[in-house]
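Asker: data-v2.txt is reproduced in full below (compact mmCIF, C-alpha atoms).
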```txt
# COMPACT_ATOMS: atom_id res chain seq x y z
CA MET A 1 -188.10 40.71 134.86
CA LYS A 2 -186.37 42.95 132.30
CA ARG A 3 -186.84 40.27 129.62
CA LEU A 4 -190.58 40.78 129.86
CA PRO A 5 -192.05 43.32 127.43
CA ALA A 6 -192.87 46.70 128.92
CA ILE A 7 -196.61 46.10 128.64
CA ALA A 8 -196.28 42.95 130.76
CA GLN A 9 -194.20 44.78 133.38
CA TRP A 10 -196.81 47.54 133.58
CA ALA A 11 -199.56 44.95 133.93
CA ILE A 12 -197.73 43.25 136.82
CA LEU A 13 -197.01 46.60 138.46
CA LEU A 14 -200.64 47.71 138.17
CA PHE A 15 -202.18 44.44 139.32
CA CYS A 16 -199.86 43.95 142.31
CA SER A 17 -200.12 47.60 143.33
CA LEU A 18 -203.91 47.58 143.23
CA THR A 19 -204.03 44.31 145.16
CA LEU A 20 -201.59 45.33 147.88
CA GLY A 21 -202.93 48.88 148.07
CA PHE A 22 -206.55 47.82 148.59
CA VAL A 23 -205.57 45.04 151.01
CA LEU A 24 -203.74 47.63 153.13
CA GLN A 25 -206.68 50.00 152.82
CA HIS A 26 -209.09 47.24 153.88
CA PHE A 27 -207.18 47.02 157.14
CA ASN A 28 -207.30 50.83 157.50
CA PHE A 29 -203.55 51.18 156.93
CA PRO A 30 -202.82 54.91 156.43
CA ALA A 31 -201.45 55.93 153.02
CA ALA A 32 -202.29 52.46 151.70
CA LEU A 33 -202.58 53.70 148.11
CA LEU A 34 -199.07 55.16 148.37
CA MET A 35 -197.40 52.37 150.35
CA GLY A 36 -198.76 49.56 148.15
CA PRO A 37 -197.42 50.94 144.83
CA MET A 38 -194.16 52.02 146.51
CA LEU A 39 -193.39 48.58 147.92
CA VAL A 40 -194.34 46.82 144.68
CA GLY A 41 -192.15 49.27 142.76
CA VAL A 42 -189.16 48.54 145.02
CA VAL A 43 -189.50 44.78 144.54
CA MET A 44 -189.87 45.09 140.78
CA ALA A 45 -186.94 47.49 140.52
CA LEU A 46 -184.66 45.12 142.44
CA CYS A 47 -185.84 42.30 140.19
CA GLY A 48 -184.63 44.25 137.16
CA ALA A 49 -187.75 45.98 135.86
CA SER A 50 -186.95 48.38 133.02
CA ILE A 51 -190.01 50.61 133.25
CA GLY A 52 -190.14 54.00 134.95
CA ILE A 53 -192.32 57.05 135.52
CA ALA A 54 -191.71 60.11 133.34
CA PRO A 55 -190.57 63.12 135.37
CA ARG A 56 -193.41 65.28 134.04
CA ILE A 57 -195.97 62.80 135.43
CA PHE A 58 -194.31 62.89 138.84
CA ILE A 59 -194.31 66.69 138.75
CA GLY A 60 -198.00 66.71 137.80
CA CYS A 61 -198.83 64.39 140.70
CA GLN A 62 -197.00 66.69 143.10
CA SER A 63 -199.18 69.55 141.84
CA ILE A 64 -202.35 67.56 142.51
CA LEU A 65 -201.07 66.81 145.99
CA GLY A 66 -200.39 70.51 146.51
CA CYS A 67 -204.02 71.28 145.63
CA MET A 68 -205.21 68.70 148.15
CA ILE A 69 -203.01 70.18 150.88
CA ALA A 70 -204.34 73.68 150.13
CA LEU A 71 -207.82 72.57 151.13
CA THR A 72 -206.55 71.70 154.62
CA LEU A 73 -204.75 74.98 155.37
CA SER A 74 -206.46 77.74 157.30
CA PRO A 75 -205.54 81.00 159.12
CA GLY A 76 -205.81 79.09 162.39
CA ILE A 77 -202.62 77.17 161.60
CA LEU A 78 -200.64 80.38 161.14
CA THR A 79 -202.08 81.62 164.42
CA VAL A 80 -200.82 78.49 166.22
CA LEU A 81 -197.34 78.80 164.69
CA LEU A 82 -197.08 82.48 165.55
CA ALA A 83 -198.46 82.00 169.05
CA ASP A 84 -195.84 79.35 169.80
CA TRP A 85 -193.08 80.60 167.54
CA PRO A 86 -190.25 80.09 170.09
CA LEU A 87 -191.05 76.37 170.35
CA VAL A 88 -191.55 76.05 166.60
CA LEU A 89 -188.17 77.73 166.05
CA VAL A 90 -186.47 75.40 168.55
CA VAL A 91 -187.88 72.30 166.81
CA LEU A 92 -186.82 73.67 163.44
CA VAL A 93 -183.26 74.42 164.58
CA MET A 94 -182.93 71.04 166.32
CA THR A 95 -184.02 69.25 163.13
CA LEU A 96 -181.52 71.18 161.02
CA LEU A 97 -178.74 70.47 163.53
CA ALA A 98 -179.70 66.79 163.61
CA SER A 99 -179.51 66.53 159.84
CA GLY A 100 -176.17 68.32 159.85
CA LEU A 101 -174.81 65.98 162.51
CA SER A 102 -176.13 62.99 160.56
CA GLY A 103 -174.34 64.17 157.41
CA TRP A 104 -171.15 64.90 159.37
CA LEU A 105 -171.06 61.42 160.91
CA LEU A 106 -171.80 59.77 157.59
CA VAL A 107 -168.90 61.52 155.90
CA ARG A 108 -166.60 61.05 158.90
CA PHE A 109 -167.16 57.32 159.35
CA SER A 110 -167.83 56.13 155.80
CA SER A 111 -166.38 56.48 152.34
CA LEU A 112 -169.07 58.93 151.23
CA PRO A 113 -167.76 62.23 149.83
CA GLY A 114 -168.81 65.34 151.76
CA PRO A 115 -171.49 66.81 149.48
CA THR A 116 -173.11 63.40 149.02
CA GLY A 117 -173.42 62.77 152.75
CA ALA A 118 -174.71 66.27 153.40
CA TRP A 119 -177.41 66.28 150.71
CA GLY A 120 -178.34 62.66 151.31
CA SER A 121 -179.09 63.33 154.97
CA SER A 122 -180.99 66.61 154.48
CA PRO A 123 -184.58 66.19 155.78
CA GLY A 124 -186.36 68.19 153.09
CA GLY A 125 -188.38 67.09 150.11
CA ALA A 126 -186.52 64.12 148.64
CA SER A 127 -187.04 65.18 145.03
CA ALA A 128 -185.89 68.72 145.85
CA MET A 129 -182.72 67.46 147.55
CA VAL A 130 -181.89 65.16 144.63
CA ALA A 131 -182.52 67.97 142.15
CA MET A 132 -180.18 70.35 143.97
CA ALA A 133 -177.46 67.84 144.90
CA GLY A 134 -175.94 67.55 141.44
CA GLU A 135 -175.35 71.29 141.31
CA PHE A 136 -173.09 71.08 144.38
CA GLY A 137 -170.78 68.23 143.40
CA ALA A 138 -172.70 65.35 145.02
CA ASP A 139 -173.17 61.88 143.50
CA VAL A 140 -176.82 62.13 142.52
CA ARG A 141 -177.27 58.34 142.45
CA LEU A 142 -176.14 57.95 146.06
CA VAL A 143 -178.11 61.00 147.17
CA ALA A 144 -181.21 59.53 145.53
CA PHE A 145 -180.60 56.19 147.22
CA MET A 146 -180.18 57.80 150.65
CA GLN A 147 -183.14 60.12 150.25
CA TYR A 148 -185.57 57.48 149.03
CA LEU A 149 -184.28 54.89 151.47
CA ARG A 150 -185.14 57.39 154.21
CA VAL A 151 -188.52 58.04 152.58
CA LEU A 152 -189.25 54.31 152.82
CA PHE A 153 -188.15 54.13 156.46
CA VAL A 154 -190.03 57.29 157.40
CA ALA A 155 -193.15 56.33 155.46
CA ALA A 156 -193.23 52.90 157.08
CA ALA A 157 -192.59 54.32 160.57
CA ALA A 158 -195.11 57.16 160.18
CA ALA A 159 -197.74 54.86 158.72
CA MET A 160 -197.19 52.46 161.63
CA VAL A 161 -197.54 55.29 164.16
CA ALA A 162 -200.74 56.36 162.39
CA HIS A 163 -202.03 52.78 162.37
CA VAL A 164 -201.36 52.32 166.10
CA SER A 165 -202.77 55.77 166.86
CA MET A 166 -205.99 54.98 165.00
CA ALA A 167 -206.32 51.46 166.41
CA GLY A 168 -208.08 52.67 169.51
CA GLY A 169 -210.11 55.26 167.67
CA ALA A 170 -213.77 55.25 166.88
CA GLY A 171 -215.21 52.43 164.84
CA ALA A 172 -215.58 52.29 161.13
CA ALA A 173 -213.54 54.24 158.65
CA PRO A 174 -215.38 57.02 156.81
CA VAL A 175 -217.04 56.07 153.55
CA VAL A 176 -215.02 57.33 150.58
CA GLU A 177 -216.93 58.86 147.68
CA TRP A 178 -214.68 57.93 144.80
CA PHE A 179 -216.60 59.66 141.99
CA PRO A 180 -218.31 62.80 143.32
CA PRO A 181 -220.14 65.19 140.97
CA LEU A 182 -217.77 67.73 139.46
CA ASP A 183 -218.27 71.33 138.32
CA TRP A 184 -216.23 74.24 137.01
CA ARG A 185 -214.04 74.18 140.11
CA PHE A 186 -212.51 70.89 138.98
CA ALA A 187 -211.35 72.47 135.70
CA ALA A 188 -209.99 75.43 137.67
CA THR A 189 -208.14 73.04 140.00
CA LEU A 190 -206.49 71.27 137.06
CA ALA A 191 -205.51 74.65 135.60
CA ILE A 192 -203.90 75.75 138.87
CA ALA A 193 -202.07 72.40 139.15
CA ALA A 194 -200.79 72.64 135.57
CA ALA A 195 -199.71 76.27 136.04
CA GLY A 196 -197.95 75.41 139.29
CA ALA A 197 -196.07 72.52 137.68
CA TRP A 198 -195.01 74.70 134.74
CA LEU A 199 -193.98 77.70 136.84
CA GLY A 200 -192.11 75.53 139.34
CA LYS A 201 -189.99 74.12 136.52
CA LYS A 202 -189.61 77.42 134.68
CA TRP A 203 -188.49 79.30 137.79
CA HIS A 204 -186.35 76.36 139.00
CA ILE A 205 -188.09 76.27 142.39
CA PRO A 206 -187.29 73.02 144.25
CA ALA A 207 -190.60 71.27 145.01
CA GLY A 208 -192.28 74.23 143.26
CA ALA A 209 -194.82 71.95 141.60
CA LEU A 210 -196.15 71.13 145.06
CA LEU A 211 -195.59 74.45 146.83
CA ILE A 212 -197.05 76.83 144.22
CA PRO A 213 -200.49 75.14 143.91
CA MET A 214 -200.49 74.67 147.68
CA LEU A 215 -199.93 78.39 148.36
CA VAL A 216 -202.25 79.64 145.60
CA GLY A 217 -204.99 77.20 146.57
CA ALA A 218 -204.63 78.07 150.25
CA VAL A 219 -205.07 81.79 149.52
CA LEU A 220 -208.17 81.09 147.41
CA HIS A 221 -209.56 78.76 150.08
CA VAL A 222 -208.87 81.01 153.07
CA THR A 223 -210.22 84.15 151.38
CA GLY A 224 -213.39 82.34 150.36
CA THR A 225 -212.81 82.91 146.65
CA PHE A 226 -213.45 79.24 145.93
CA SER A 227 -212.44 75.80 147.16
CA MET A 228 -210.70 73.53 144.69
CA GLN A 229 -212.09 70.10 143.81
CA VAL A 230 -209.71 67.15 144.17
CA PRO A 231 -211.77 63.93 143.83
CA GLU A 232 -210.60 60.73 145.49
CA TRP A 233 -209.97 58.92 142.20
CA LEU A 234 -207.54 61.67 141.13
CA LEU A 235 -205.78 61.56 144.50
CA ALA A 236 -205.49 57.77 144.24
CA LEU A 237 -203.81 58.12 140.83
CA ALA A 238 -201.41 60.75 142.20
CA TYR A 239 -200.56 58.56 145.19
CA ALA A 240 -199.89 55.55 142.96
CA PHE A 241 -197.60 57.44 140.57
CA ILE A 242 -195.66 59.04 143.44
CA GLY A 243 -195.25 55.60 145.03
CA TRP A 244 -194.10 54.06 141.74
CA THR A 245 -191.66 56.93 141.14
CA VAL A 246 -190.02 56.34 144.52
CA GLY A 247 -190.08 52.54 144.34
CA LEU A 248 -188.85 52.14 140.76
CA ARG A 249 -185.79 54.30 141.47
CA PHE A 250 -184.31 51.55 143.63
CA THR A 251 -182.33 49.99 140.81
CA PRO A 252 -179.99 47.08 141.56
CA ALA A 253 -177.00 49.14 140.37
CA ILE A 254 -177.68 51.92 142.88
CA VAL A 255 -178.24 49.41 145.67
CA LEU A 256 -174.96 47.62 144.92
CA LEU A 257 -173.15 50.95 144.77
CA ALA A 258 -174.41 51.87 148.23
CA LEU A 259 -174.03 48.51 149.99
CA LYS A 260 -170.66 49.27 151.55
CA THR A 261 -172.08 52.32 153.35
CA LEU A 262 -175.54 50.87 154.00
CA PRO A 263 -175.02 50.25 157.76
CA GLN A 264 -173.96 53.85 158.31
CA MET A 265 -176.88 55.10 156.19
CA VAL A 266 -179.42 53.03 158.12
CA ALA A 267 -177.92 54.13 161.45
CA SER A 268 -178.17 57.80 160.47
CA ILE A 269 -181.76 57.38 159.26
CA VAL A 270 -182.87 55.56 162.41
CA GLY A 271 -181.09 58.11 164.60
CA LEU A 272 -182.78 60.99 162.80
CA ILE A 273 -186.21 59.33 163.06
CA LEU A 274 -185.73 58.69 166.80
CA LEU A 275 -184.63 62.26 167.45
CA CYS A 276 -187.62 63.64 165.56
CA GLY A 277 -189.85 61.24 167.49
CA PHE A 278 -188.46 62.64 170.75
CA MET A 279 -189.18 66.18 169.57
CA ALA A 280 -192.71 65.09 168.66
CA TRP A 281 -193.22 63.82 172.20
CA LEU A 282 -192.04 67.16 173.56
CA LEU A 283 -194.47 68.96 171.26
CA THR A 284 -197.40 67.00 172.70
CA LEU A 285 -196.41 68.18 176.18
CA LEU A 286 -196.15 71.84 175.21
CA LEU A 287 -198.78 72.29 172.48
CA PRO A 288 -202.42 71.14 172.12
CA VAL A 289 -201.59 68.56 169.43
CA ASP A 290 -201.89 64.79 169.45
CA LEU A 291 -198.90 62.46 169.10
CA LEU A 292 -199.65 61.51 165.48
CA THR A 293 -199.87 65.15 164.38
CA ALA A 294 -196.67 66.01 166.25
CA TYR A 295 -194.83 62.99 164.83
CA LEU A 296 -195.79 63.78 161.24
CA ALA A 297 -194.97 67.46 161.74
CA THR A 298 -191.41 66.61 162.84
CA SER A 299 -190.95 63.51 160.67
CA PRO A 300 -187.84 63.80 158.42
CA GLY A 301 -189.53 62.40 155.33
CA GLY A 302 -190.45 63.89 151.98
CA LEU A 303 -193.07 66.61 152.06
CA ASP A 304 -195.35 64.76 149.66
CA THR A 305 -195.08 61.40 151.46
CA VAL A 306 -195.86 62.91 154.87
CA ALA A 307 -198.81 64.79 153.35
CA ILE A 308 -200.30 61.57 151.98
CA ILE A 309 -199.95 59.78 155.33
CA ALA A 310 -201.46 62.75 157.18
CA ALA A 311 -204.37 62.90 154.76
CA GLY A 312 -205.09 59.21 155.29
CA SER A 313 -205.26 59.52 159.07
CA HIS A 314 -206.90 61.74 161.68
CA ALA A 315 -203.86 64.01 162.01
CA ASP A 316 -204.18 67.79 161.77
CA ILE A 317 -202.77 68.01 158.24
CA GLY A 318 -202.73 71.81 158.29
CA PHE A 319 -200.36 71.93 161.26
CA VAL A 320 -198.28 69.11 159.78
CA MET A 321 -197.84 70.85 156.44
CA ALA A 322 -197.13 74.23 158.04
CA MET A 323 -194.23 72.70 160.01
CA GLN A 324 -192.99 70.61 157.08
CA SER A 325 -193.12 73.54 154.64
CA LEU A 326 -191.26 75.78 157.09
CA ARG A 327 -188.51 73.17 157.40
CA LEU A 328 -188.32 72.66 153.63
CA PHE A 329 -187.84 76.40 153.04
CA SER A 330 -185.12 76.45 155.70
CA ILE A 331 -183.31 73.47 154.16
CA LEU A 332 -183.47 75.03 150.70
CA LEU A 333 -181.88 78.20 152.07
CA LEU A 334 -179.27 76.63 154.36
CA GLY A 335 -178.60 73.31 152.58
CA PRO A 336 -175.82 74.56 150.26
CA ALA A 337 -173.91 76.17 153.14
CA MET A 338 -174.27 73.03 155.30
CA ALA A 339 -173.04 70.84 152.44
CA ARG A 340 -169.98 73.01 151.87
CA TYR A 341 -169.11 73.06 155.56
CA ILE A 342 -169.42 69.29 155.93
CA SER A 343 -167.38 68.72 152.76
CA ARG A 344 -164.51 70.82 154.05
CA HIS A 345 -164.41 69.78 157.71
CA ALA A 346 -165.92 66.30 158.12
CA ALA A 347 -163.71 64.28 155.77
CA PRO A 348 -161.45 61.92 157.77
CA ASN A 349 -157.82 62.94 158.01
CA MET A 350 -155.89 60.38 155.99
CA SER A 351 -152.48 61.54 157.14
```
As structure tokens - that is how I would like this structure written.
Answerer:
Amino acid sequence: MKRLPAIAQWAILLFCSLTLGFVLQHFNFPAALLMGPMLVGVVMALCGASIGIAPRIFIGCQSILGCMIALTLSPGILTVLLADWPLVLVVLVMTLLASGLSGWLLVRFSSLPGPTGAWGSSPGGASAMVAMAGEFGADVRLVAFMQYLRVLFVAAAAAMVAHVSMAGGAGAAPVVEWFPPLDWRFAATLAIAAAGAWLGKKWHIPAGALLIPMLVGAVLHVTGTFSMQVPEWLLALAYAFIGWTVGLRFTPAIVLLALKTLPQMVASIVGLILLCGFMAWLLTLLLPVDLLTAYLATSPGGLDTVAIIAAGSHADIGFVMAMQSLRLFSILLLGPAMARYISRHAAPNMS
């Protein structure tokens, strides 16, 4: 694959991604335009592809996604979280404890160094965890492998839950208007996305490119100032580039480096997914939310990936993103302390 010129690799990536993405979408598979490019990117990366997505493009796509999420947020979501804050707090604490236990076990029963296991198992935004890991002595390559391996597992599991959940739903999928008429709000949306991406990088805010446009857009939307315009064709491009960014990072070198701890990694990922699934089931018993919404709200995947899956299904994306954002903020605050504790106390005693 790497012997092919870059233009040929891009052509293969584009053609296969479009084909797989639209085939999945034809069968109403949630997040099809993310999952298709992601899976194609993984296969090409493991076959030795030499192409990649520039970080600034990935950051820009996160900003577009943040604008889309802003349109789904409303004061009603905050009301639900505040009304049931004890339960929300319990779910949050249980998720943090589960990620800490996962990191502890990984370090204890594998050859992973402490910071690497801690940051690799943190259930926040994958890109944010990778960005912060290097500053705390972790092997960024292994952290990236663990984070994006979990993103793949979580995306596949969440998309499958969404697919099963929608299987018994009402008839035909809604008609998508790919090229709606645009006005000044589209230019304003792009300006907010660009400003969010720039400020997130300038202020060194993890996942700031997604969070800043999301918060600014939500305020504008809730106050009735104006609603941003995010057409479907722009979302499809953002989904594709996010999928390619994740998929193309699975280089053969990183995979080979991680093979000796792969069983432990997979076990920790599956355990974390099952625990979050159990918490989702509890949420459906105690709150007026459906199983899909509860599962995505507790799912330990990347913020952007979960948002795409929620947007492509009938889940309450506002509730999902409120829970996911709350957990991301908590991980960003507590992650360094958790990593230090695991590094010092979880390493096996070699004496």
Asker: Would you mind reading off the distance between atom CA of Ala240 of chain A and atom CA of Gly41 of chain A, one decimal, in Å?
Answerer: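 Interatomic distance here is 10.0 Å.
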Asker: By how many Å are atom CA of Val266 of chain A and atom CA of Lys2 of chain A apart?
Answerer: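 A separation of 28.6 Å between them.
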Asker: Counting all atoms listed in the file, which of A:Pro5, A:Pro213, A:Pro300, A:Pro37 gets nearest to Leu199 of chain A?
Answerer: A:Pro213
Asker: With a cut-off of 9 Å, could you pull out the residues of segment 36-119 of chain A touching segment 252-262 of chain A and give me the nearest pair of atoms for each, distance in Å to one decimal, using only C-alpha atoms, ordered by chain and ascending number, as CSV?
Answerer:
```
residue,atom,partner,partner_atom,distance
A:Ala45,CA,A:Pro252,CA,7.0
A:Leu46,CA,A:Pro252,CA,5.1
A:Cys47,CA,A:Pro252,CA,7.7
A:Gly48,CA,A:Pro252,CA,7.0
A:Leu106,CA,A:Thr261,CA,8.6
A:Ser110,CA,A:Thr261,CA,6.2
A:Ser111,CA,A:Thr261,CA,7.1
A:Leu112,CA,A:Thr261,CA,7.6
```
Asker: Filtering to C-alpha atoms, could you give me those residues as a PDB file, in the frame of the given file?
Answerer:
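Saved result, result-v3.pdb, follows:
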```pdb
ATOM      1  CA  ALA A  45    -186.940  47.490 140.520  1.00  0.00           C
ATOM      2  CA  LEU A  46    -184.660  45.120 142.440  1.00  0.00           C
ATOM      3  CA  CYS A  47    -185.840  42.300 140.190  1.00  0.00           C
ATOM      4  CA  GLY A  48    -184.630  44.250 137.160  1.00  0.00           C
ATOM      5  CA  LEU A 106    -171.800  59.770 157.590  1.00  0.00           C
ATOM      6  CA  SER A 110    -167.830  56.130 155.800  1.00  0.00           C
ATOM      7  CA  SER A 111    -166.380  56.480 152.340  1.00  0.00           C
ATOM      8  CA  LEU A 112    -169.070  58.930 151.230  1.00  0.00           C
TER       9      LEU A 112
END
```
Asker: Nearest residue to Gln229 of chain A out of A:Val164, A:Ala339, A:Leu328, A:Ile69, using only C-alpha atoms?
Answerer: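 Under the stated criterion, the closest residue is A:Ile69.
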